[in-house]
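Shown here: work_36.txt, compact mmCIF, C-alpha atoms.
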```txt
# COMPACT_ATOMS: atom_id res chain seq x y z
CA MET A 1 75.08 87.23 110.83
CA GLU A 2 73.92 90.25 108.81
CA ASP A 3 75.86 92.55 111.19
CA GLN A 4 79.08 90.70 110.40
CA LYS A 5 78.64 91.28 106.66
CA VAL A 6 78.04 94.98 107.24
CA PHE A 7 81.12 95.12 109.49
CA ARG A 8 83.26 93.43 106.83
CA PHE A 9 81.90 95.74 104.12
CA TYR A 10 82.71 98.93 106.03
CA SER A 11 85.91 97.78 107.73
CA PHE A 12 87.79 97.05 104.51
CA PRO A 13 87.71 100.65 103.13
CA ILE A 14 88.63 102.00 106.56
CA ILE A 15 91.62 99.66 106.75
CA ILE A 16 92.71 100.71 103.26
CA LEU A 17 92.43 104.38 104.24
CA VAL A 18 94.45 103.88 107.44
CA ASN A 19 97.18 102.05 105.53
CA TYR A 20 97.26 104.75 102.87
CA LEU A 21 97.80 107.36 105.57
CA PHE A 22 100.63 105.29 107.05
CA PHE A 23 102.31 104.87 103.65
CA THR A 24 102.08 108.56 102.73
CA GLY A 25 103.78 109.72 105.91
CA ILE A 26 106.29 107.01 106.72
CA LYS A 27 109.50 108.12 105.09
CA SER A 28 111.73 110.31 107.16
CA GLU A 29 115.34 110.93 106.35
CA VAL A 30 117.94 110.63 109.08
CA TYR A 31 121.02 112.79 108.54
CA THR A 32 124.30 112.49 110.43
CA VAL A 33 125.37 116.11 110.75
CA GLY A 34 128.73 116.64 109.05
CA GLY A 35 128.61 113.25 107.33
CA ASP A 36 131.74 111.22 107.99
CA GLU A 37 133.36 114.13 109.84
CA GLN A 38 130.38 114.31 112.21
CA TRP A 39 129.87 117.29 114.56
CA ASN A 40 133.52 118.31 115.00
CA THR A 41 135.74 121.30 114.36
CA GLY A 42 137.17 121.38 110.87
CA ALA A 43 134.03 120.13 109.11
CA ASN A 44 132.35 122.40 106.57
CA PHE A 45 128.79 122.45 107.89
CA ASP A 46 127.51 125.07 105.44
CA SER A 47 128.54 122.87 102.53
CA TRP A 48 127.19 119.73 104.23
CA SER A 49 123.81 121.26 105.09
CA GLN A 50 123.20 122.49 101.52
CA GLN A 51 123.39 118.96 100.08
CA TYR A 52 119.91 117.99 101.29
CA ASN A 53 116.27 119.01 101.07
CA TYR A 54 114.88 118.81 104.61
CA SER A 55 111.24 118.01 105.39
CA ILE A 56 109.11 117.86 108.50
CA GLY A 57 109.81 114.57 110.31
CA ASP A 58 113.44 114.32 109.22
CA VAL A 59 115.99 113.75 111.97
CA LEU A 60 119.40 115.34 112.46
CA VAL A 61 121.89 113.19 114.37
CA PHE A 62 124.77 115.03 116.01
CA LYS A 63 127.63 112.64 116.85
CA TYR A 64 130.56 113.96 118.88
CA THR A 65 132.63 113.27 121.97
CA GLU A 66 130.56 114.22 124.99
CA GLY A 67 132.10 117.16 126.84
CA GLN A 68 134.13 118.34 123.83
CA HIS A 69 131.15 119.79 121.96
CA ASN A 70 127.46 120.46 122.38
CA VAL A 71 124.55 121.44 120.16
CA TYR A 72 122.36 124.46 120.69
CA GLU A 73 119.33 125.19 118.56
CA VAL A 74 119.19 128.98 118.53
CA THR A 75 117.50 132.02 117.04
CA GLN A 76 118.91 133.74 113.98
CA ALA A 77 120.36 136.59 116.07
CA THR A 78 122.18 134.15 118.36
CA TYR A 79 123.40 132.19 115.32
CA ARG A 80 124.88 135.34 113.80
CA SER A 81 126.54 136.56 117.01
CA CYS A 82 127.63 133.13 118.35
CA VAL A 83 126.71 134.44 121.82
CA ALA A 84 124.31 132.00 123.50
CA SER A 85 123.45 134.11 126.55
CA SER A 86 119.97 134.43 125.03
CA GLY A 87 118.06 133.07 122.08
CA VAL A 88 118.59 129.39 122.93
CA ILE A 89 115.70 127.16 121.81
CA GLY A 90 117.20 123.78 122.70
CA LYS A 91 120.36 122.35 124.31
CA TYR A 92 121.82 118.93 123.52
CA GLU A 93 124.93 117.56 125.20
CA SER A 94 124.84 113.74 125.06
CA GLY A 95 127.30 113.17 122.21
CA ASN A 96 124.65 111.34 120.19
CA ASP A 97 121.82 113.85 119.93
CA GLN A 98 118.81 113.36 117.69
CA VAL A 99 116.79 116.41 116.71
CA THR A 100 113.50 115.79 114.93
CA LEU A 101 112.51 118.60 112.61
CA LYS A 102 108.89 119.13 113.66
CA GLU A 103 108.02 122.37 111.89
CA ALA A 104 108.42 123.91 108.45
CA LYS A 105 110.75 126.78 109.32
CA LYS A 106 114.38 127.86 109.35
CA TYR A 107 116.55 126.16 112.00
CA TRP A 108 119.91 127.41 113.32
CA PHE A 109 122.41 125.22 115.20
CA ILE A 110 125.69 126.12 116.90
CA CYS A 111 128.29 124.55 119.16
CA ASN A 112 128.48 126.69 122.31
CA VAL A 113 131.95 125.57 123.39
CA ALA A 114 134.26 128.62 123.47
CA GLY A 115 135.47 129.51 119.97
CA HIS A 116 133.74 126.65 118.17
CA CYS A 117 130.80 128.62 116.74
CA LEU A 118 133.02 131.41 115.46
CA GLY A 119 135.38 128.73 114.16
CA GLY A 120 132.63 127.30 111.91
CA MET A 121 130.67 124.84 114.05
CA ARG A 122 127.32 126.23 113.03
CA PHE A 123 124.83 125.85 110.22
CA SER A 124 121.27 126.67 109.28
CA ILE A 125 118.70 124.70 107.34
CA ASP A 126 115.31 125.46 105.83
CA VAL A 127 112.72 122.75 106.55
CA LYS A 128 109.80 122.40 104.14
CA GLU A 129 106.48 120.59 104.29
CA LYS A 130 106.57 117.05 102.95
CA SER A 131 105.65 116.99 99.29
CA ASN A 132 104.70 114.40 96.73
CA THR A 133 107.66 112.07 96.10
CA ASN A 134 107.35 112.35 92.31
CA SER A 135 107.49 116.14 92.25
CA THR A 136 110.34 116.16 94.78
CA ALA A 137 112.37 113.73 92.71
CA ALA A 138 111.89 115.82 89.59
CA ALA A 139 112.74 119.12 91.30
CA ALA A 140 115.59 117.98 93.54
CA PRO A 141 119.13 117.91 92.15
CA THR A 142 120.84 114.55 91.97
CA PRO A 143 122.95 114.18 95.13
CA PRO A 144 126.62 113.23 94.88
CA PRO A 145 127.27 109.50 95.40
CA GLU A 146 128.96 109.94 98.78
CA ILE A 147 125.77 111.18 100.45
CA LEU A 148 124.07 107.89 99.72
CA GLU A 149 126.33 106.07 102.18
CA PRO A 150 124.42 104.50 105.08
CA SER A 151 126.39 106.52 107.64
CA ASN A 152 125.22 109.82 106.14
CA SER A 153 121.58 109.23 105.37
CA PHE A 154 119.09 106.41 105.44
CA VAL A 155 115.35 106.05 105.20
CA SER A 156 113.56 105.18 108.39
CA PHE A 157 110.81 102.63 107.82
CA ALA A 158 109.69 102.18 111.42
CA PHE A 159 106.06 102.75 110.53
CA GLN A 160 106.19 100.12 107.79
CA ARG A 161 106.68 97.50 110.47
CA TRP A 162 103.49 98.74 112.11
CA ASN A 163 101.80 98.60 108.74
CA ILE A 164 102.63 94.91 108.38
CA VAL A 165 101.27 94.26 111.88
CA ILE A 166 98.07 96.11 110.97
CA TYR A 167 97.68 93.99 107.82
CA ILE A 168 98.12 90.76 109.77
CA ILE A 169 95.65 91.79 112.47
CA THR A 170 93.18 92.91 109.81
CA CYS A 171 93.41 89.62 107.97
CA VAL A 172 92.88 87.67 111.18
CA ILE A 173 89.86 89.79 112.08
CA LEU A 174 88.34 89.46 108.63
CA LEU A 175 88.95 85.71 108.48
CA TYR A 176 87.47 84.94 111.89
CA THR A 177 84.48 87.28 111.96
```

Representation of the structure as structure tokens:
Amino acid sequence: MEDQKVFRFYSFPIIILVNYLFFTGIKSEVYTVGGDEQWNTGANFDSWSQQYNYSIGDVLVFKYTEGQHNVYEVTQATYRSCVASSGVIGKYESGNDQVTLKEAKKYWFICNVAGHCLGGMRFSIDVKEKSNTNSTAAAAPTPPPEILEPSNSFVSFAFQRWNIVIYIITCVILLYT
């Protein structure tokens, strides 16, 4: 009986700590590249990419007609030359590609279909470490209303669902032990 009291005493702070860690790292932005124009010729990707502040864990979604375009993550030299014979980091060709930004670094993306990169289907972004929400909100410029549309950007709360499950399991364990 005494062991159960000790377990309850130590398990509660651990559960709080685990939930805090889930809540501090759960928000990832998902961006549809090009917004409403998607990943297609004619879109202004430089202008689109400068509207956001990218952080580790954010996801870029490239939507396009399969076979008409592709997405190559490339080095800076390949980005500048639009020649993908070398310097290719990743290739995506499904028409609905999702690229998770896993590192704080500069990323370069191009379409490798003939003439598309030189025609403007390329952009670069600078991904930063996640920072405190309050300081980010104060430092970040207010985005134009159109980028708040669900098709352009939305917050992924997948881990919050897990957090609710963890709370329920924790309550059951604490009630029945």

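Across A:Asn112, A:Ser85, A:Thr170, A:Gln98, the tightest approach to A:Phe62 is made by A:Gln98 when counting all atoms listed in the file.
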
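Residues lying at most 10 Å from (126.0, 122.4, 105.0) in file coordinates, with only C-alpha atoms considered, are Val33, Gly34, Gly35, Ala43, Asn44, Phe45, Asp46, Ser47, Trp48, Ser49, Gln50, Gln51, Tyr52, Arg122, Phe123, Ser124 and Ile125 of chain A.
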
Point-to-point distance in Å for atom CA of A:Lys128 and atom CA of A:Ser28: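 Those two atoms sit 12.6 Å apart.
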
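Using all atoms listed in the file, the shortest contact distance between A:Lys27 and any of A:Asn96, A:Asn70, A:Ser55, A:Ser86 is found at A:Ser55.
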
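You can rank A:Thr41, A:Gly90, A:Glu129, A:Gly119 by their closest distance to A:Lys105 using only C-alpha atoms, and at the top of that list sits A:Glu129.
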
One-decimal distance in Å that lies between atom CA of A:Gly42 and atom CA of A:Val30: 22.1 Å

Atom pair atom CA of A:Cys82 / atom CA of A:Asp36: separation (Å):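 Between atom CA of A:Cys82 and atom CA of A:Asp36 the gap works out to 24.6 Å.
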
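Shortest separation to A:Gln68 among A:Ile56, A:Lys102, A:Ala114, A:Ala84 occurs at residue A:Ala114, atoms counted being all atoms listed in the file.
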
From A:Asp97, A:Glu29, A:Ser81, A:Glu103, residue lying nearest A:Asn53 [only C-alpha atoms]: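 Among A:Asp97, A:Glu29, A:Ser81, A:Glu103, it is A:Glu29 that comes nearest to A:Asn53.
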
Near-A:Ile110 list (7 Å; all atoms listed in the file; drop same-chain fewer than 3 positions) as an MDAnalysis selection string: chainID A and resid 71:73 79 117 121:123

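Distances to A:Leu60 were evaluated for A:Asp126, A:Ile166, A:Lys106, A:Val99 using all atoms listed in the file, and the minimum falls at A:Val99.
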